[in-house]
Amino acid sequence: MKLSLFLGCVLLSILVVASGHTFDSKLDEDWKSWKSQYKKQYTEEEETYRRKVWEDNVTYIEQHNLEYSMGKHTFTVGMNQFGDLTDKEFNERMNGFLPIEADNSTEEFEGDEFDEDEESDGDDELDEESDGDDDELDEESDDDVTLVNVDWRKRGIVTPVKNQGSCVSCWAFSATGAIEGQWARKHGKLISLSEQNLVDCTKLYRNNGCQGGWMNRAFRYVVKNKGINTAADYPYTAREGPCRFQSNGFVVTIKGFSYIRRSTKYLETSVRMIGPIAAAIDASGPFRWYKQGIYKNENCRNHEANHAVLVVGYERDNGKNYWLVKNSWGTRWGDKGYIKMVKGVPRNCGITKHAVVPIV
């Protein structure tokens, strides 16, 4: 994949030069500053192409924020470490949840599907699969909104934001985040767990290391393996390697895992009653540029989740409901590594579709 991307860059660089493309000289210093900030180095051929991609992204960001000031969007965007990537390159390098295989999986799982009320007829649930054309569904009704805010960071069971780097391992960070929260709730001690342990050791459970995976299969590994190492004992390298699990070291164990029923109601109840929940979303489009505000993207695809995250709470602000979501792209991304994602609307980027929680 890296070779094909490199060859593509060289070819496009030649096309850029041949077409007589000129760069915006007013952006020269910004380009140098951005490269320095994110320690970017290119060959001469590649820099021509990357500068063009970066300028295109600058234009997009400026246009979006102008439209935000006019009331057309509910969130702002900003330049970050992904500024030299096209949308296609970004999705290949950073989004590692594989929904087709997850949807078709017939594997068994420990635990039951989480259900607050087995006899509920589901009338309270929003139609998550609606196209969202009905304005009446834009917000949950007052009867459906829980009148409390939930933020598990304030309860001390969420580790600091981590960074998956160039390894497509978001699924591993989502899984460790959920286990960390459950372990801290039960044992009163927050321990950062090893994503590298999952990247290296879950191949037999049909995960793909730095090429993507699933949180449920990570949980299955921890159950069968009788534990996962801490991040201190098994540090993250952002590269796949041989499995080096240390059975004689300190390990965190889980009994099983449970899926969350696919609706806002049940995910909300799960977050409130259980704690941080592993989930997956469609992170294509403007998601990668998010800075502040409530992320609401009418073009989000509910059935094409491609990125794993951790839901750590939900809040209501000025009549708007949103999920508090922890990402794994470092603190320079988003709002110090977090994003507020709109809650209770049909176009919800699929956040309720693949939610799963470990049982400690």
# chains A, B, ... in the order shown; residues from 1 in each chain; ligands from 1

call {"tool": "select_by_dssp", "arguments": {"residues": "segment 135-354 of chain A", "states": "helix (DSSP H, G or I)", "output": "ChimeraX atom specification"}}
result
/A:135-137,152-155,170-187,195-201,203-205,215-225,264-273,285-289

call {"tool": "residues_around", "arguments": {"residues": "Asn299 of chain A", "least_positions_apart": "5", "cutoff": "9 Å", "atoms": "only C-alpha atoms", "output": "number ranges by chain"}}
result
A: 285, 347, 349

call {"tool": "residues_around", "arguments": {"residues": "segment 192-209 of chain A", "least_positions_apart": "3", "cutoff": "7 Å", "atoms": "only C-alpha atoms", "output": "NGL selection string"}}
result
:A and (159 or 169 or 172-173 or 176 or 180 or 212-214 or 217-218 or 221 or 228-231 or 234-237 or 240-243 or 245)

call {"tool": "residues_around", "arguments": {"residues": "segment 59-74 of chain A", "least_positions_apart": "2", "cutoff": "9 Å", "atoms": "only C-alpha atoms", "output": "ChimeraX atom specification"}}
result
/A:54-57,76-79,286,289,292-297

call {"tool": "residues_around", "arguments": {"residues": "segment 329-339 of chain A", "least_positions_apart": "5", "cutoff": "12 Å", "atoms": "only C-alpha atoms", "output": "PyMOL selection string"}}
result
chain A and resi 37-38+75-83+93-95+153+159-170+173-174+283+286-296+307-314+322-324

call {"tool": "atom_distance", "arguments": {"atom1": "atom CA of Phe219 of chain A", "atom2": "atom CA of Val325 of chain A"}}
result
20.0 Å

call {"tool": "closest_residue", "arguments": {"among": "A:Ser284, A:Asn348, A:Thr264, A:Gln182", "to": "Asn91 of chain A", "atoms": "only C-alpha atoms"}}
result
A:Ser284

call {"tool": "closest_residue", "arguments": {"among": "A:Gly96, A:Ser258, A:Thr43, A:Phe23", "to": "Ala178 of chain A", "atoms": "only C-alpha atoms"}}
result
A:Ser258

call {"tool": "closest_residue", "arguments": {"among": "A:Gly344, A:Gly256, A:Gly319, A:Gly275", "to": "Gly181 of chain A", "atoms": "only C-alpha atoms"}}
result
A:Gly275

call {"tool": "atom_distance", "arguments": {"atom1": "atom CA of Val271 of chain A", "atom2": "atom CA of Glu92 of chain A"}}
result
29.8 Å

call {"tool": "atom_distance", "arguments": {"atom1": "atom CA of Lys326 of chain A", "atom2": "atom CA of Cys300 of chain A"}}
result
18.4 Å

call {"tool": "decode", "arguments": {"residues": "segment 30-48 of chain A", "atoms": "N, CA, C and O atoms", "output": "JSON list (two decimals), in the first residue's frame"}}
result
[["chain", "number", "residue", "atom", "x", "y", "z"],
["A", 30, "ASP", "N", 3.17, 29.62, 6.18],
["A", 30, "ASP", "CA", 2.28, 28.67, 6.85],
["A", 30, "ASP", "C", 2.67, 27.24, 6.52],
["A", 30, "ASP", "O", 2.63, 26.35, 7.38],
["A", 31, "TRP", "N", 3.03, 26.99, 5.28],
["A", 31, "TRP", "CA", 3.46, 25.65, 4.86],
["A", 31, "TRP", "C", 4.73, 25.23, 5.59],
["A", 31, "TRP", "O", 4.82, 24.10, 6.11],
["A", 32, "LYS", "N", 5.70, 26.13, 5.67],
["A", 32, "LYS", "CA", 6.94, 25.82, 6.38],
["A", 32, "LYS", "C", 6.68, 25.58, 7.86],
["A", 32, "LYS", "O", 7.25, 24.66, 8.47],
["A", 33, "SER", "N", 5.81, 26.39, 8.44],
["A", 33, "SER", "CA", 5.49, 26.24, 9.86],
["A", 33, "SER", "C", 4.78, 24.92, 10.12],
["A", 33, "SER", "O", 5.06, 24.24, 11.12],
["A", 34, "TRP", "N", 3.85, 24.57, 9.22],
["A", 34, "TRP", "CA", 3.12, 23.30, 9.39],
["A", 34, "TRP", "C", 4.08, 22.12, 9.29],
["A", 34, "TRP", "O", 4.01, 21.18, 10.10],
["A", 35, "LYS", "N", 4.97, 22.14, 8.33],
["A", 35, "LYS", "CA", 5.94, 21.04, 8.18],
["A", 35, "LYS", "C", 6.83, 20.92, 9.41],
["A", 35, "LYS", "O", 7.13, 19.81, 9.88],
["A", 36, "SER", "N", 7.23, 22.06, 9.95],
["A", 36, "SER", "CA", 8.08, 22.05, 11.14],
["A", 36, "SER", "C", 7.32, 21.53, 12.35],
["A", 36, "SER", "O", 7.86, 20.72, 13.13],
["A", 37, "GLN", "N", 6.08, 21.97, 12.51],
["A", 37, "GLN", "CA", 5.28, 21.56, 13.66],
["A", 37, "GLN", "C", 5.06, 20.06, 13.71],
["A", 37, "GLN", "O", 5.13, 19.44, 14.77],
["A", 38, "TYR", "N", 4.83, 19.47, 12.53],
["A", 38, "TYR", "CA", 4.53, 18.04, 12.48],
["A", 38, "TYR", "C", 5.69, 17.20, 11.96],
["A", 38, "TYR", "O", 5.51, 16.02, 11.64],
["A", 39, "LYS", "N", 6.88, 17.84, 11.88],
["A", 39, "LYS", "CA", 8.10, 17.13, 11.51],
["A", 39, "LYS", "C", 7.94, 16.37, 10.18],
["A", 39, "LYS", "O", 8.25, 15.18, 10.07],
["A", 40, "LYS", "N", 7.48, 17.08, 9.17],
["A", 40, "LYS", "CA", 7.26, 16.49, 7.86],
["A", 40, "LYS", "C", 8.49, 16.72, 6.97],
["A", 40, "LYS", "O", 9.01, 17.83, 6.88],
["A", 41, "GLN", "N", 8.93, 15.67, 6.32],
["A", 41, "GLN", "CA", 10.04, 15.75, 5.38],
["A", 41, "GLN", "C", 9.67, 14.98, 4.11],
["A", 41, "GLN", "O", 9.12, 13.88, 4.19],
["A", 42, "TYR", "N", 9.96, 15.56, 2.95],
["A", 42, "TYR", "CA", 9.60, 14.95, 1.69],
["A", 42, "TYR", "C", 10.77, 14.98, 0.72],
["A", 42, "TYR", "O", 11.69, 15.79, 0.86],
["A", 43, "THR", "N", 10.70, 14.10, -0.27],
["A", 43, "THR", "CA", 11.59, 14.23, -1.41],
["A", 43, "THR", "C", 11.10, 15.43, -2.23],
["A", 43, "THR", "O", 9.98, 15.91, -2.04],
["A", 44, "GLU", "N", 11.93, 15.88, -3.16],
["A", 44, "GLU", "CA", 11.55, 17.05, -3.96],
["A", 44, "GLU", "C", 10.28, 16.78, -4.75],
["A", 44, "GLU", "O", 9.40, 17.64, -4.84],
["A", 45, "GLU", "N", 10.20, 15.58, -5.33],
["A", 45, "GLU", "CA", 9.01, 15.24, -6.12],
["A", 45, "GLU", "C", 7.76, 15.16, -5.25],
["A", 45, "GLU", "O", 6.69, 15.66, -5.63],
["A", 46, "GLU", "N", 7.90, 14.55, -4.09],
["A", 46, "GLU", "CA", 6.73, 14.36, -3.23],
["A", 46, "GLU", "C", 6.26, 15.69, -2.66],
["A", 46, "GLU", "O", 5.06, 15.91, -2.49],
["A", 47, "GLU", "N", 7.20, 16.59, -2.35],
["A", 47, "GLU", "CA", 6.80, 17.86, -1.74],
["A", 47, "GLU", "C", 5.88, 18.66, -2.66],
["A", 47, "GLU", "O", 4.94, 19.30, -2.19],
["A", 48, "THR", "N", 6.11, 18.60, -3.96],
["A", 48, "THR", "CA", 5.25, 19.32, -4.89],
["A", 48, "THR", "C", 3.80, 18.85, -4.76],
["A", 48, "THR", "O", 2.87, 19.67, -4.69]]
